[in-house]
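Below you'll find the structure, written out as structure tokens, and then a few comments.
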Number of protein chains: 4
Amino acid sequence: MPRTVDPARHEARRLVIVDAALTCFAAQGYARTTTAAICRQAGIGSGTFFHYFPAKLDVLLAILELGTDETVAWFEAQRGRTDAGRVVADFVDHTADNLADPRLPGFVRAVGAVMGTPSVAVALRRDEDAQHDGLFPWLAAGCAAGEVRDDIAVDRLCTWVLAIVDGFIGRAAGERPFDPAAERDMLVDTVARLLRP
Amino acid sequence: MPRTVDPARHEARRLVIVDAALTCFAAQGYARTTTAAICRQAGIGSGTFFHYFPAKLDVLLAILELGTDETVAWFEAQRGRTDAGRVVADFVDHTADNLADPRLPGFVRAVGAVMGTPSVAVALRRDEDAQHDGLFPWLAAGCAAGEVRDDIAVDRLCTWVLAIVDGFIGRAAGERPFDPAAERDMLVDTVARLLRP
Amino acid sequence: MPRTVDPARHEARRLVIVDAALTCFAAQGYARTTTAAICRQAGIGSGTFFHYFPAKLDVLLAILELGTDETVAWFEAQRGRTDAGRVVADFVDHTADNLADPRLPGFVRAVGAVMGTPSVAVALRRDEDAQHDGLFPWLAAGCAAGEVRDDIAVDRLCTWVLAIVDGFIGRAAGERPFDPAAERDMLVDTVARLLRP
Amino acid sequence: MPRTVDPARHEARRLVIVDAALTCFAAQGYARTTTAAICRQAGIGSGTFFHYFPAKLDVLLAILELGTDETVAWFEAQRGRTDAGRVVADFVDHTADNLADPRLPGFVRAVGAVMGTPSVAVALRRDEDAQHDGLFPWLAAGCAAGEVRDDIAVDRLCTWVLAIVDGFIGRAAGERPFDPAAERDMLVDTVARLLRP
DNA sequence: CATGAATGAGTCTTCATTCAT
DNA sequence: AATGAATGAAGACTCATTCAT
């Protein structure tokens, strides 16, 4: 009886569930996704699901956390760069890259449904903070270097950059045709116009 | 011959329900709002609700339709104006005005939860079309007048104006503090920067 | 203000409702027939329905009563005849005639759904009694005349004649094709075989 | 690898529910039987019910199917017999046996309430066909052997045998006193009279 | 660890009936 | 008398979660 906790295997399976949930949430929304559907998609039994997550909401939180971690890691990786303006552009570009996963817009919509829940609000706040705090030093640097306008507080600039990115994702989630790949340059340009002194 | 129809009374009551539903949806999201909660908020019995709407989803559709009608009416009211650039700015401003109703961002999130439903998709498409089609002639005119950049097709410009507006609303729905009233000028300016030739 | 109670008009309208209900019950069954459907069929408002009948069940009782009355009247009309055997055959034939109204089988099925209700049980008992009591003297006379077998009590013969008639109606209500008009002779013959000494 | 399937246990529990439903339907009719009542009778939770049957109607269909299967099995078991006339009598007798379950007449009435539903119509048709098709060869054989009248097509004879059996069951379901056990001989005799050349 | 049968709280929706006009 | 808007009790069904195996 090998009490094999095998954390690697455990983590892998956890990710399978997270991925399955992401697929389901994106396609059906949070409320209309049943835990049974996630289990089917993940190829596990319903009992197993609750071995890995105490409740349905926790998978969603895990997805959000993964996103936040990714953001943090991305900014971590930019450390030491000196081309502040480029970093901002890269960040915007990188966000557009994330849309390569066609589930993202659907998931963003799905999250809206449970935004009211305190634990989700906290996770979202953390996510927004990660983006904001990641962006801030680069915009501040750009500002200092005169590359970025200084008539507006850096805080607000961060907010607006993120607003435009959000709008971009929102269009991808909308009903009218919108090709994120084709509009990526426009996104970068729009943010550039926002920041231009 | 008692003709107890009184369409005015009927319509008024219908609006009471719609308003109650808007409040609930914005606060709790669609799925977590029970029809009972809407009835309580509207001060009616559960049976009455289904007298006015065949199903819960139909109130949400009614709200969307009201929004679409409002958009159509607004653009209708601008007819005959010659200052195309100003009209676009006014539209953006008008959208910001709508955020005076603090329930709007919450409602927008709530809609996300049922976007997958065909009838909702249709209503949303109609709404997006109304905004797009309302904006289009003014951007085209601005373009012809040289006030608006012409390196990008007018269609795409419409989309991007709306994307920025969406981003603005999204921030209002977000967890980080964001004061729509204080950011209104920034919104107009950002759109202006987007459109500048 | 003519306080026109006009009993004739009242009775006429009552019959319109009864007829509408018969149509609906036959087509949909009792439970699946809504009072609204009856009103629609009768061309009246829902409030009017309850002016004429205290509850939905009472229309069904009225239909049953009409049937019982018809049976009683029919036997009343045979009074004085001396050809007992012929009367029995005529009764059977007359029942087959009633199937000219294609709603009859459906209605009989519909009644089954509420047979448990005491008031319906009473009405049905009255109806069965009317048939039984109407038939009895003729079978007794036939028996005395030697036209009808006497190895079985007349009571039981009544029951069996009615059982065969019921079976006939039941086939008309069944799923397999069955043409009551074409089988009418067979019905009379089958009853004749039952009664033959 | 816990393979908790145990189809026997599953089938047993399914039958418990079917039996409980039969009891309820017979006593209250279909519409007046709540799923909660079936669950109470079966000693299960409401959720369990829907684990075994997708909807209330499906238990009724299961009961019908069980009956059809029983009929088919009975005729299957007669294969090889050469005394066609006896087989028909045995069939009639066997039907009377089924009335040993006093719920049968009530259930038959209950089915009437939902006969209009397509799925029920199909199941009933299958049931009627099973009886008809089971009976047919024996009546045909009896006919060929000269034991059964040949002035009427065998098809119609089948129908009439079943009509009489239905009438018998109908009387058992009626309001007037009727003792199926005591009338069993009469039933067999009546069918014999019907078939006599 | 993994499973899936069992559970029951929670929802939407229906519809007979009432009553002010 | 006639109407139909309003009502709320009642019921079918869903689904997150538990737990024995």
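Please note that chains go A, B, ... in the order of the structure tokens, that every chain numbers its residues from 1, and that ligands are numbered from 1 in the order shown.
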Could you tell me which residues of chain C sit within 9 Å of chain F when counting only C-alpha atoms (C1' of nucleotides), and give me the result as a PyMOL selection string? chain C and resi 5+44-48+51
Just the selected residues (C-alpha atoms), exported as a PDB file, in the first residue's frame, please.
```pdb
ATOM      1  CA  VAL C   5     -81.411  36.731 -15.103  1.00  0.00           C
ATOM      2  CA  ILE C  44     -65.353  33.599 -22.487  1.00  0.00           C
ATOM      3  CA  GLY C  45     -63.173  35.289 -19.915  1.00  0.00           C
ATOM      4  CA  SER C  46     -61.657  33.325 -17.081  1.00  0.00           C
ATOM      5  CA  GLY C  47     -63.793  35.125 -14.544  1.00  0.00           C
ATOM      6  CA  THR C  48     -66.954  34.135 -16.352  1.00  0.00           C
ATOM      7  CA  HIS C  51     -69.586  32.469 -12.522  1.00  0.00           C
TER       8      HIS C  51
END
```
For Asp179 (chain D): contacts at 12 Å, only C-alpha atoms (C1' of nucleotides), fewer than 6 positions along chain excluded, given as a PyMOL selection string: (chain C and resi 156+159) or (chain D and resi 96+99-100+102+168-173+185-187)
Keeping C-alpha atoms for every residue in the selection just given, could you write it to a file as a PDB file, in the first residue's frame?
```pdb
ATOM      1  CA  ARG C 156     -74.490 -10.114 -13.430  1.00  0.00           C
ATOM      2  CA  THR C 159     -72.767  -6.001 -15.602  1.00  0.00           C
TER       3      THR C 159
ATOM      4  CA  ALA D  96     -57.707 -12.288 -14.795  1.00  0.00           C
ATOM      5  CA  LEU D  99     -56.076  -8.605 -11.393  1.00  0.00           C
ATOM      6  CA  ALA D 100     -54.884 -10.354  -8.260  1.00  0.00           C
ATOM      7  CA  PRO D 102     -55.593  -4.860  -6.914  1.00  0.00           C
ATOM      8  CA  PHE D 168     -63.644  -6.971 -17.521  1.00  0.00           C
ATOM      9  CA  ILE D 169     -60.794  -4.889 -16.147  1.00  0.00           C
ATOM     10  CA  GLY D 170     -62.902  -1.761 -16.546  1.00  0.00           C
ATOM     11  CA  ARG D 171     -65.630  -3.227 -14.384  1.00  0.00           C
ATOM     12  CA  ALA D 172     -63.047  -3.989 -11.738  1.00  0.00           C
ATOM     13  CA  ALA D 173     -62.106  -0.340 -11.849  1.00  0.00           C
ATOM     14  CA  ASP D 185     -65.340 -18.153 -15.188  1.00  0.00           C
ATOM     15  CA  MET D 186     -67.863 -15.815 -16.722  1.00  0.00           C
ATOM     16  CA  LEU D 187     -65.044 -14.042 -18.538  1.00  0.00           C
TER      17      LEU D 187
END
```
Could you pull out the residues in region 34-159 of chain C that DSSP calls helix (DSSP H, G or I) from the backbone, as a ChimeraX atom specification? /C:35-42,46-52,56-78,84-98,103-112,118-144,154-159
Distance filter 8 Å, only C-alpha atoms (C1' of nucleotides), chain E against chain A, as a list in words: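 The answer, sorted by residue number, is DA2, DT3 and DG4 of chain E.
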Chain D residues within 6 Å of chain C, counting only C-alpha atoms: which ones, as a ChimeraX atom specification? /D:29,109-110,112-113,125,163-164,166-168,175,190,193-194
Keeping C-alpha atoms for every residue in the selection just given, could you write it to a file as a PDB file, in the first residue's frame?
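Contents of the output file again-v9.pdb:
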```
ATOM      1  CA  GLY D  29     -53.908   8.869 -10.605  1.00  0.00           C
ATOM      2  CA  ARG D 109     -57.308   4.370 -15.280  1.00  0.00           C
ATOM      3  CA  ALA D 110     -54.265   6.437 -14.391  1.00  0.00           C
ATOM      4  CA  GLY D 112     -55.754   7.238 -19.410  1.00  0.00           C
ATOM      5  CA  ALA D 113     -54.782  10.632 -18.087  1.00  0.00           C
ATOM      6  CA  ARG D 125     -49.346   0.785 -28.895  1.00  0.00           C
ATOM      7  CA  ALA D 163     -62.103  -5.689 -25.858  1.00  0.00           C
ATOM      8  CA  ILE D 164     -63.897  -8.128 -23.602  1.00  0.00           C
ATOM      9  CA  ASP D 166     -60.635  -4.691 -21.204  1.00  0.00           C
ATOM     10  CA  GLY D 167     -64.279  -4.459 -20.294  1.00  0.00           C
ATOM     11  CA  PHE D 168     -63.644  -6.971 -17.521  1.00  0.00           C
ATOM     12  CA  GLU D 175     -67.755   2.050  -8.806  1.00  0.00           C
ATOM     13  CA  THR D 190     -67.980 -14.954 -22.595  1.00  0.00           C
ATOM     14  CA  ARG D 193     -69.170 -17.578 -26.760  1.00  0.00           C
ATOM     15  CA  LEU D 194     -67.557 -14.862 -28.840  1.00  0.00           C
TER      16      LEU D 194
END
```
Could you name the residues that touch Ala144 (chain C) at 12 Å or less, counting only C-alpha atoms (C1' of nucleotides), but leaving out those on the same chain fewer than 5 positions away, as a ChimeraX atom specification? /C:84-85,137-139,149-150,154,197
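The gap separating CA of Gln41 (chain B) from CA of Asp97 (chain B) is 25.1 Å, in Å to one decimal.
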Which residues are close to Phe75 (chain C), i.e. within 12 Å by only C-alpha atoms (C1' of nucleotides), leaving aside same-chain residues fewer than 6 positions away? Reply as a ChimeraX atom specification. /C:68-69,81,84,87-88,90-92,94,130-138
